Amino acid sequence: MMAVAYLFFTRTPPKPNPSTRHTFLPPPQWVYGAILAMVVALAVRWVWLEHFPSPWRYTRLSETGIAHIQHPVQVNFGNELQLLGWDAQRGGVLLYWQALRPMQRNYSAGLALLTADGTKVAQDDAYHLARIPTANWQLGFYTTYLHLISIPPEFQPTGDLHLSVSVYDAQGNLDIVTAQGLAGYYADLGVYLP
């Protein structure tokens with residue numbers, strides 16, 4: 001790719017021949033740069049944005065949810081953030097988030113792996129979901145965040161392991177809002193199979 005760019009930017013355009021009435025003049029060098037930039041942008045989108053988790057992968061989001069999500073959920077945290085679902089990935093859990101309104105505060109999310117009796121086995125906190133402070137999110141902003149789950153090698157599970165997620169800031173946890181009212185701070189996402 002660099003060799004192609006070098007050839008485009010260093011070649012000298014041919015001098016016009018005065019004996020020829022209709023001489024082709026190559027476009028300015030910035031045109032080559034623009035074409036090259038477009039090719040690189042399309043390659044990045046195809047190779048990375050559309051195939052791997054990233055803050056810019058919007059193509060799966062619709063008004064009714066996310067296509068092909070492994071575990072769809074609808075968890076409303078304080079009428080600020082909505083957890084749309086999660087995917088189990090090698091060594092971690094990918095959470096899907098959406099802003100319910102523009103926010104004034106910066107929230108963090110904690111994902112914990114718990115035993116049936118509530119013992120915490122592992123935890124991963126995201127201080128800025130998608131590495132973007134939530135105070136900068138706009139209404140409807142959609143993103144993903146991959147939480148890495150590292151189970152201690154000495155831990156021997158005797159039953160199912162459950163995922164639990166919460167949203168918080170320096171002032172405390174956000175309540176989970178349901179049609180029946182407030183439902184605590186921690187959402188049980190179901191069984192996690194490492």
# chains A, B, ... in the order shown; residues from 1 in each chain; ligands from 1

$ residues_around --residues "Gly110 in chain A" --least-positions-apart "4" --cutoff "6 Å" --atoms "only C-alpha atoms" --output "VMD selection string"
chain A and resid 124 to 125 165 to 166

$ write_last_selection --atoms "C-alpha atoms" --output "PDB file, in the first residue's frame"
ATOM      1  CA  ASP A 124     -14.300  -6.253  35.019  1.00  0.00           C
ATOM      2  CA  ASP A 125     -15.173  -2.543  35.125  1.00  0.00           C
ATOM      3  CA  VAL A 165     -24.029  -5.974  35.517  1.00  0.00           C
ATOM      4  CA  SER A 166     -24.387  -2.589  37.189  1.00  0.00           C
TER       5      SER A 166
END

$ residues_around --residues "Phe77 in chain A" --least-positions-apart "5" --cutoff "8 Å" --atoms "only C-alpha atoms" --output "PDB file with N, CA and C atoms, in the first residue's frame"
ATOM      1  N   GLN A  82     -29.461   2.025  28.338  1.00  0.00           N
ATOM      2  CA  GLN A  82     -30.184   0.770  28.136  1.00  0.00           C
ATOM      3  C   GLN A  82     -29.179  -0.300  27.727  1.00  0.00           C
ATOM      4  N   LEU A  83     -29.195  -1.422  28.455  1.00  0.00           N
ATOM      5  CA  LEU A  83     -28.423  -2.588  28.040  1.00  0.00           C
ATOM      6  C   LEU A  83     -29.291  -3.388  27.086  1.00  0.00           C
ATOM      7  N   VAL A 167     -24.422  -0.228  36.705  1.00  0.00           N
ATOM      8  CA  VAL A 167     -23.942   1.056  36.163  1.00  0.00           C
ATOM      9  C   VAL A 167     -23.838   2.023  37.336  1.00  0.00           C
ATOM     10  N   LEU A 174     -26.829   3.393  39.551  1.00  0.00           N
ATOM     11  CA  LEU A 174     -28.104   3.726  38.919  1.00  0.00           C
ATOM     12  C   LEU A 174     -29.107   2.615  39.194  1.00  0.00           C
ATOM     13  N   ASP A 175     -30.344   3.005  39.491  1.00  0.00           N
ATOM     14  CA  ASP A 175     -31.411   2.025  39.692  1.00  0.00           C
ATOM     15  C   ASP A 175     -31.817   1.418  38.360  1.00  0.00           C
ATOM     16  N   ILE A 176     -32.210   0.156  38.408  1.00  0.00           N
ATOM     17  CA  ILE A 176     -32.819  -0.490  37.245  1.00  0.00           C
ATOM     18  C   ILE A 176     -34.294  -0.128  37.249  1.00  0.00           C
ATOM     19  N   VAL A 177     -34.772   0.402  36.128  1.00  0.00           N
ATOM     20  CA  VAL A 177     -36.154   0.869  36.018  1.00  0.00           C
ATOM     21  C   VAL A 177     -36.953  -0.151  35.213  1.00  0.00           C
TER      22      VAL A 177
END

$ atom_distance --atom1 "CA of Gly140 in chain A" --atom2 "CA of Asp188 in chain A"
23.7 Å

$ closest_residue --among "A:Arg131, A:His162, A:Arg90, A:Arg101" --to "Leu114 in chain A" --atoms "only C-alpha atoms"
A:His162

$ residues_around --residues "Ile69 in chain A" --least-positions-apart "5" --cutoff "8 Å" --atoms "only C-alpha atoms" --output "PyMOL selection string"
chain A and resi 85-87

$ write_last_selection --atoms "N, CA and C atoms" --output "compact mmCIF listing (two decimals), in the first residue's frame"
# COMPACT_ATOMS: atom_id res chain seq x y z
N GLY A 85 -28.22 -6.17 25.24
CA GLY A 85 -27.95 -7.60 25.18
C GLY A 85 -26.47 -7.88 25.33
N TRP A 86 -26.11 -9.16 25.17
CA TRP A 86 -24.71 -9.54 25.31
C TRP A 86 -24.39 -10.77 24.48
N ASP A 87 -23.13 -10.85 24.11
CA ASP A 87 -22.59 -12.01 23.39
C ASP A 87 -21.46 -12.60 24.22

$ residues_around --residues "Pro153 in chain A" --least-positions-apart "3" --cutoff "12 Å" --atoms "only C-alpha atoms" --output "list in words"
Val121, Ala122, Ser150, Gln156 and Pro157 of chain A

$ closest_residue --among "A:Gln74, A:Gln89, A:Asn136, A:Ser164" --to "Arg105 in chain A" --atoms "only C-alpha atoms"
A:Asn136

$ closest_residue --among "A:Leu163, A:Ala99, A:Val73, A:Leu94" --to "Lys120 in chain A" --atoms "only C-alpha atoms"
A:Leu163
